[in-house]
Amino acid sequence: MSGTTIARPRQLTCTFSRAARELGLRRGEFDLAVHLGRIRTVPDEGGGGRRVRRSEIERLQDRAEILRESVRAVGTTEAAGLMEIPAGRFTRFAKLGLVTPVTWYPNRYRAVVWLYLAEELRQFAADEKNARLLTGRTPEELRDRLRAGADQRARNWRGRHCGFLLRAAGGPWERAGVVAGFLDPGEIDQTLTDPHERAYVQAFRPAPPAHGAPGSPTALLAEELMTADEPDEIDWFRNDLARAVAEARTIHPVPRPVTHAQHPAPAQPRSAHGLRGWLHRRNAALARSFSPTEP
């Protein structure tokens with residue numbers, strides 16, 4: 001036998017973990033780059049999930065530093081420094097929904113730490129239309145909203161995260177499942193009355209971002225943040241779910257279990273007793289017709 005070694009062909013795609021390592025990104029940075037459309041992915045032909053083409057990695061390797069900076073996410077203190085404003089003012093901006101979190105994590109006290117894209121904060125600060133917000137007194141109408149308890153951070157993150165997931169959804173029922181992922185199960189039951197469609201949509205619901213083992217306090221916190229909690233927001237997700245399911249229904253109706261009523265019962269054969277009786281009478285008649293006549 002020859003000692004020649006046959007080299008394996010290089011794979012055309014690789015996993016997210018491998019792509020992140022080759023681009024020098026932490027996994028969180030890589031996932032954020034995918035969500036933002038900075039890294040293009042393709043479906044995994046092996047079934048389930050997505051992968052990255054080698055050509056995409058090669059395209060990005062020369063600009064890895066630019067890519068890393070474009071997905072840099074910062075907390076309140078660093079965000080305020082980038083915008084050259086006090087941290088308290090930045091927090092007010094975030095609560096009013098003037099800036100939108102891109103992700104979050106729980107600290108050791110299980111409090112939510114919101115993170116914001118540094119790139120977006122610089123753009124906000126550079127926009128002349130926002131100059132009056134960065135200095136001087138906060139406008140009265142905004143202070144009224146803060147006094148009333150306004151805090152749009154979780155809601156705005158949900159809207160943004162929903163957009164990320166919808167862009168990655170592979171079909172109409174997957175898109176419906178994404179929208180359902182932001183509703184309490186009871187709201188889904190009230191919106192989707194067909195049990196088959198409801199079960200199909202539930203199968204495509206995305207899990208909340210992973211922050212701890214299932215059932216742990218941090219996992220429960222993630223589930224809470226993923227679920228719409230204001231009446232108008234709940235109505236928005238319910239209406240969007242109903243529209244998504246109506247669209248999916250016209251493109252690809254939900255497979256339904258075969259029931260007895262959908263198939264007519266086969267014709268019952270004549271009973272063995274009746275058939276034997278008919279054959280007996282026929283054979284008897286034939287025998288009489290061929291019997292010899294008496295002299």
# chains A, B, ... in the order shown; residues from 1 in each chain; ligands from 1
call {"tool": "residues_around", "arguments": {"residues": "Pro86 (chain A)", "least_positions_apart": "3", "cutoff": "10 Å", "atoms": "only C-alpha atoms", "output": "PyMOL selection string"}}
result
chain A and resi 76-77+79-81+83+89-91+134-135
call {"tool": "write_last_selection", "arguments": {"atoms": "N, CA, C and O atoms", "output": "PDB file, in the first residue's frame"}}
result
ATOM      1  N   THR A  76     -23.228  52.251  30.630  1.00  0.00           N
ATOM      2  CA  THR A  76     -23.642  53.641  30.862  1.00  0.00           C
ATOM      3  C   THR A  76     -22.459  54.586  31.048  1.00  0.00           C
ATOM      4  O   THR A  76     -22.410  55.662  30.432  1.00  0.00           O
ATOM      5  N   THR A  77     -21.491  54.217  31.881  1.00  0.00           N
ATOM      6  CA  THR A  77     -20.380  55.127  32.177  1.00  0.00           C
ATOM      7  C   THR A  77     -19.568  55.438  30.926  1.00  0.00           C
ATOM      8  O   THR A  77     -19.280  56.609  30.619  1.00  0.00           O
ATOM      9  N   ALA A  79     -20.540  55.004  27.839  1.00  0.00           N
ATOM     10  CA  ALA A  79     -21.413  55.670  26.875  1.00  0.00           C
ATOM     11  C   ALA A  79     -21.491  57.165  27.146  1.00  0.00           C
ATOM     12  O   ALA A  79     -21.408  57.991  26.224  1.00  0.00           O
ATOM     13  N   ALA A  80     -21.623  57.532  28.425  1.00  0.00           N
ATOM     14  CA  ALA A  80     -21.671  58.947  28.770  1.00  0.00           C
ATOM     15  C   ALA A  80     -20.362  59.636  28.410  1.00  0.00           C
ATOM     16  O   ALA A  80     -20.351  60.786  27.938  1.00  0.00           O
ATOM     17  N   GLY A  81     -19.229  58.933  28.613  1.00  0.00           N
ATOM     18  CA  GLY A  81     -17.942  59.510  28.249  1.00  0.00           C
ATOM     19  C   GLY A  81     -17.833  59.755  26.755  1.00  0.00           C
ATOM     20  O   GLY A  81     -17.299  60.796  26.320  1.00  0.00           O
ATOM     21  N   MET A  83     -20.199  60.454  24.735  1.00  0.00           N
ATOM     22  CA  MET A  83     -21.081  61.560  24.353  1.00  0.00           C
ATOM     23  C   MET A  83     -20.744  62.843  25.101  1.00  0.00           C
ATOM     24  O   MET A  83     -21.367  63.883  24.877  1.00  0.00           O
ATOM     25  N   ARG A  89     -27.411  61.971  32.925  1.00  0.00           N
ATOM     26  CA  ARG A  89     -28.111  62.460  31.733  1.00  0.00           C
ATOM     27  C   ARG A  89     -28.249  61.346  30.697  1.00  0.00           C
ATOM     28  O   ARG A  89     -29.296  61.205  30.065  1.00  0.00           O
ATOM     29  N   PHE A  90     -27.172  60.548  30.559  1.00  0.00           N
ATOM     30  CA  PHE A  90     -27.272  59.450  29.597  1.00  0.00           C
ATOM     31  C   PHE A  90     -28.360  58.466  30.007  1.00  0.00           C
ATOM     32  O   PHE A  90     -29.125  57.981  29.165  1.00  0.00           O
ATOM     33  N   THR A  91     -28.438  58.148  31.297  1.00  0.00           N
ATOM     34  CA  THR A  91     -29.477  57.230  31.765  1.00  0.00           C
ATOM     35  C   THR A  91     -30.863  57.774  31.438  1.00  0.00           C
ATOM     36  O   THR A  91     -31.761  57.027  31.040  1.00  0.00           O
ATOM     37  N   LEU A 134     -27.950  67.660  24.729  1.00  0.00           N
ATOM     38  CA  LEU A 134     -26.666  67.313  25.341  1.00  0.00           C
ATOM     39  C   LEU A 134     -26.216  68.335  26.373  1.00  0.00           C
ATOM     40  O   LEU A 134     -25.396  68.027  27.245  1.00  0.00           O
ATOM     41  N   THR A 135     -26.721  69.539  26.265  1.00  0.00           N
ATOM     42  CA  THR A 135     -26.341  70.589  27.221  1.00  0.00           C
ATOM     43  C   THR A 135     -27.599  71.290  27.715  1.00  0.00           C
ATOM     44  O   THR A 135     -28.658  71.232  27.080  1.00  0.00           O
TER      45      THR A 135
END
call {"tool": "closest_residue", "arguments": {"among": "A:Leu36, A:Ala244, A:Ala168, A:Leu220", "to": "Val71 (chain A)", "atoms": "only C-alpha atoms"}}
result
A:Leu36
call {"tool": "residues_around", "arguments": {"residues": "Glu58 (chain A)", "least_positions_apart": "4", "cutoff": "10 Å", "atoms": "only C-alpha atoms", "output": "list in words"}}
result
Glu22, Leu23, Arg53, Arg54, Asp62 and Arg63 of chain A
call {"tool": "closest_residue", "arguments": {"among": "A:Leu165, A:Glu187, A:Thr13, A:Gly170", "to": "Asn239 (chain A)", "atoms": "only C-alpha atoms"}}
result
A:Glu187
call {"tool": "closest_residue", "arguments": {"among": "A:Glu84, A:Pro253, A:Gly75, A:Arg160", "to": "Asn107 (chain A)", "atoms": "only C-alpha atoms"}}
result
A:Gly75
